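What follows is the content of data.pdb (PDB, C-alpha atoms).
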```
MODEL        1
ATOM      1  CA  MET A 994      -4.823  11.787  -7.536
ATOM      2  CA  ILE A 995      -4.340   8.104  -8.335
ATOM      3  CA  PHE A 996      -1.648   7.378 -10.955
ATOM      4  CA  VAL A 997      -2.934   4.725 -13.400
ATOM      5  CA  PHE A 998      -0.168   2.821 -15.179
ATOM      6  CA  GLY A 999       0.509  -0.226 -17.311
ATOM      7  CA  SER A1000       2.027  -3.172 -15.484
ATOM      8  CA  ASN A1001       3.450  -6.522 -16.447
ATOM      9  CA  ARG A1002       1.900  -9.811 -15.344
ATOM     10  CA  GLN A1003       4.671 -10.294 -12.809
ATOM     11  CA  GLY A1004       4.211  -6.907 -11.133
ATOM     12  CA  ARG A1005       7.876  -6.042 -11.637
ATOM     13  CA  HIS A1006       7.672  -2.271 -11.726
ATOM     14  CA  GLY A1007      11.137  -1.727 -13.154
ATOM     15  CA  ALA A1008      10.754   0.665 -16.101
ATOM     16  CA  GLY A1009       8.591   3.382 -17.616
ATOM     17  CA  ALA A1010       5.440   4.535 -15.847
ATOM     18  CA  ALA A1011       5.509   1.410 -13.665
ATOM     19  CA  LEU A1012       8.852   2.433 -12.198
ATOM     20  CA  GLU A1013       7.496   5.931 -11.580
ATOM     21  CA  ALA A1014       4.457   4.384  -9.875
ATOM     22  CA  HIS A1015       6.745   2.310  -7.647
ATOM     23  CA  LYS A1016       9.071   5.185  -6.771
ATOM     24  CA  SER A1017       6.510   7.961  -6.303
ATOM     25  CA  TYR A1018       2.992   6.527  -5.940
ATOM     26  CA  GLY A1019       3.262   3.450  -3.726
ATOM     27  CA  ALA A1020       3.015   0.701  -6.352
ATOM     28  CA  VAL A1021       3.828  -2.622  -4.700
ATOM     29  CA  TYR A1022       6.538  -4.725  -6.331
ATOM     30  CA  GLY A1023       4.979  -8.093  -7.186
ATOM     31  CA  GLN A1024       1.375  -6.812  -7.398
ATOM     32  CA  ALA A1025       0.430  -6.777 -11.065
ATOM     33  CA  GLU A1026      -3.049  -5.247 -10.972
ATOM     34  CA  GLY A1027      -5.286  -2.996  -8.926
ATOM     35  CA  LEU A1028      -5.001  -0.246  -6.371
ATOM     36  CA  GLN A1029      -1.598   0.075  -4.701
ATOM     37  CA  GLY A1030      -0.903   3.127  -2.580
ATOM     38  CA  ASN A1031      -1.725   6.137  -4.772
ATOM     39  CA  SER A1032      -1.512   4.119  -7.978
ATOM     40  CA  TYR A1033      -3.607   1.644  -9.943
ATOM     41  CA  ALA A1034      -2.045  -1.002 -12.207
ATOM     42  CA  ILE A1035      -3.536  -2.439 -15.404
ATOM     43  CA  ILE A1036      -1.709  -5.395 -16.963
ATOM     44  CA  THR A1037      -0.388  -4.604 -20.458
ATOM     45  CA  LYS A1038       2.810  -6.652 -20.811
ATOM     46  CA  GLU A1039       4.362 -10.092 -20.305
ATOM     47  CA  LEU A1040       8.039 -10.200 -19.380
ATOM     48  CA  ARG A1041       8.736 -13.904 -19.879
ATOM     49  CA  PRO A1042       9.716 -14.556 -23.519
ATOM     50  CA  HIS A1043       8.343 -18.113 -23.511
ATOM     51  CA  GLU A1044       4.876 -16.972 -22.396
ATOM     52  CA  LYS A1045       2.074 -15.625 -24.564
ATOM     53  CA  ALA A1046       2.021 -11.837 -24.918
ATOM     54  CA  VAL A1047      -0.749  -9.849 -23.267
ATOM     55  CA  SER A1048      -3.605  -9.494 -25.750
ATOM     56  CA  LEU A1049      -5.861  -6.534 -26.393
ATOM     57  CA  PRO A1050      -8.873  -8.441 -24.970
ATOM     58  CA  GLU A1051      -6.868  -9.100 -21.788
ATOM     59  CA  ILE A1052      -6.013  -5.398 -21.497
ATOM     60  CA  TYR A1053      -9.660  -4.531 -22.123
ATOM     61  CA  GLY A1054     -10.679  -6.776 -19.227
ATOM     62  CA  GLY A1055      -8.282  -4.888 -16.973
ATOM     63  CA  VAL A1056      -9.575  -1.539 -18.202
ATOM     64  CA  ILE A1057     -13.162  -2.608 -17.498
ATOM     65  CA  ARG A1058     -12.198  -3.668 -13.957
ATOM     66  CA  PHE A1059     -10.517  -0.289 -13.503
ATOM     67  CA  LEU A1060     -13.523   1.653 -14.851
ATOM     68  CA  VAL A1061     -15.849  -0.205 -12.476
ATOM     69  CA  PHE A1062     -13.488   0.610  -9.597
ATOM     70  CA  ALA A1063     -13.366   4.278 -10.618
ATOM     71  CA  ARG A1064     -17.167   4.416 -10.881
ATOM     72  CA  GLU A1065     -17.462   2.907  -7.377
ATOM     73  CA  HIS A1066     -14.922   5.402  -5.981
ATOM     74  CA  GLN A1067     -16.137   8.793  -7.156
ATOM     75  CA  GLU A1068     -14.289  10.372  -4.213
ATOM     76  CA  LEU A1069     -10.988   9.599  -5.977
ATOM     77  CA  GLU A1070      -9.481  11.191  -9.091
ATOM     78  CA  PHE A1071      -7.526   9.014 -11.538
ATOM     79  CA  GLN A1072      -4.808  10.211 -13.918
ATOM     80  CA  VAL A1073      -4.404   7.588 -16.635
ATOM     81  CA  THR A1074      -1.035   7.317 -18.370
ATOM     82  CA  PRO A1075      -0.947   6.090 -21.996
ATOM     83  CA  ILE A1076      -1.013   2.480 -20.785
ATOM     84  CA  GLY A1077       0.252  -0.123 -23.213
ATOM     85  CA  CYS A1078       1.717   2.481 -25.565
ATOM     86  CA  GLY A1079       5.303   2.411 -24.339
ATOM     87  CA  LEU A1080       7.174  -0.782 -23.552
ATOM     88  CA  ALA A1081       4.144  -2.979 -24.318
ATOM     89  CA  GLY A1082       4.177  -1.742 -27.928
ATOM     90  CA  PHE A1083       0.527  -0.923 -28.595
ATOM     91  CA  LYS A1084      -0.669   2.299 -30.222
ATOM     92  CA  PRO A1085      -3.120   4.810 -28.718
ATOM     93  CA  TYR A1086      -5.760   3.816 -31.291
ATOM     94  CA  HIS A1087      -5.637   0.264 -29.859
ATOM     95  CA  ILE A1088      -6.130   1.345 -26.235
ATOM     96  CA  ALA A1089      -8.049   4.650 -26.207
ATOM     97  CA  PRO A1090     -11.442   3.194 -27.244
ATOM     98  CA  MET A1091     -11.323   0.894 -24.210
ATOM     99  CA  PHE A1092     -11.919   3.933 -21.996
ATOM    100  CA  PHE A1093     -15.145   4.964 -23.729
ATOM    101  CA  GLY A1094     -17.742   5.818 -21.107
ATOM    102  CA  ALA A1095     -15.218   6.585 -18.356
ATOM    103  CA  THR A1096     -16.624   8.603 -15.476
ATOM    104  CA  GLU A1097     -15.615  12.228 -14.901
ATOM    105  CA  ASN A1098     -13.099  11.259 -12.216
ATOM    106  CA  VAL A1099     -10.997   9.447 -14.863
ATOM    107  CA  HIS A1100      -8.593  11.827 -16.610
ATOM    108  CA  LEU A1101      -7.173  10.479 -19.865
ATOM    109  CA  PRO A1102      -3.858  11.380 -21.474
ATOM    110  CA  GLU A1103      -3.864  13.550 -24.595
ATOM    111  CA  GLU A1104      -2.911  10.504 -26.685
ATOM    112  CA  PHE A1105      -6.272   8.920 -25.797
ATOM    113  CA  LYS A1106      -8.508  11.932 -26.502
TER     114      LYS A1106
ENDMDL
END
```
Please express the file's structure as structure tokens.
Amino acid sequence: MIFVFGSNRQGRHGAGAALEAHKSYGAVYGQAEGLQGNSYAIITKELRPHEKAVSLPEIYGGVIRFLVFAREHQELEFQVTPIGCGLAGFKPYHIAPMFFGATENVHLPEEFK
């Protein structure tokens, strides 16, 4: 099972699901997006206060890249956490529709159903 979590642009997996991904699923500190060990990161947050916040269209782009990856890797199962709905500050109704059309190997959290 691949643990899918929200990351920051810097790949600093220091809190929330990102920290869990780093500690338990092989997420690589400094890698902001993509497959890392038994985890997959989608960028949802910017840490630097002087930089522009991550936008919903930017998150959507990351979700699309993830969904393509999941479709190309049917041999893997993906457990999606409620990305963007913790430290990044979005609500499930912002993020859940981005996963419309996900393949059967993508398992969504209750918040997104």
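Near segment 1059-1065 of chain A, within 10 Å and counting only C-alpha atoms, sit Val997, Glu1026, Gly1027, Leu1028, Tyr1033, Ala1034, Ile1035, Tyr1053, Gly1054, Glu1070, Phe1071, Met1091, Phe1092, Phe1093, Gly1094, Ala1095, Thr1096, Glu1097, Asn1098 and Val1099 of chain A, not including residues fewer than 5 positions from it in the same chain.
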By how many Å are atom CA of Ala1046 of chain A and atom CA of Glu1013 of chain A apart?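 Computing the Euclidean distance for atom CA of Ala1046 of chain A and atom CA of Glu1013 of chain A yields 22.9 Å.
Distance check against Phe998 of chain A using only C-alpha atoms: of A:Ser1017, A:Gln1067, A:Ser1032, A:Ser1048, the minimum falls on A:Ser1032.
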Which one is closest to Gly1079 of chain A: A:Ala1014, A:Thr1037, A:Ile995, A:Leu1049? Count only C-alpha atoms.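 Of the candidates, the smallest distance to Gly1079 of chain A is held by A:Thr1037.
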Which is closer to Gly1023 of chain A than all the others in A:Lys1038, A:Arg1002, A:His1087, A:Arg1058, using all atoms listed in the file? A:Arg1002
Give the answer as one residue: which of A:Gly1077, A:Glu1044, A:Gly1030, A:Val1021 has the shortest atom-to-atom distance to Gly999 of chain A, using only C-alpha atoms? A:Gly1077
For the structure provided, state which residues fall under the PyMOL selection byres ((chain A and resi 1074) around 8), and present them as a list in words.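 On the file shown, the PyMOL selection byres ((chain A and resi 1074) around 8) covers Phe996, Val997, Phe998, Gly999, Ala1010, Gln1072, Val1073, Pro1075, Ile1076, Leu1101 and Pro1102 of chain A.
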Point-to-point distance from atom CA of Met994 of chain A to atom CA of Glu1039 of chain A, Å rounded to tenths: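 So the two atoms, atom CA of Met994 of chain A and atom CA of Glu1039 of chain A, lie 26.9 Å apart.
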Can you tell me which residues surround Leu1040 of chain A at a distance of at most 10 Å, considering only C-alpha atoms, apart from same-chain residues fewer than 6 positions away, and format the answer as a PyMOL selection string? chain A and resi 1001-1005+1046-1047+1081
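We find atom CA of Gly1019 of chain A and atom CA of Ile1036 of chain A to be spaced 16.7 Å apart.
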Restricting the calculation to only C-alpha atoms: of A:Ile1057, A:Arg1041, A:Glu1051, A:Ser1000, which residue gets closest to Tyr1022 of chain A?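 Answer, going by the shortest atom-to-atom distance: A:Ser1000.
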Could you give me, as a list in words, the residues within 8 Å of Pro1085 of chain A, counting only C-alpha atoms and dropping anything in the same chain fewer than 4 positions from it?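 Listing them by chain and then by number gives Pro1075, Cys1078, Ala1089, Glu1104 and Phe1105 of chain A.
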Padding of 3 Å on every side, edges along x, y and z, all listed atoms of segment 1043-1061 of chain A included: what centre and edge lengths in Å, to one decimal, does that box have, as JSON?
```
{"center_x": -3.8, "center_y": -8.2, "center_z": -19.4, "size_x": 30.2, "size_y": 25.8, "size_z": 19.9}
```
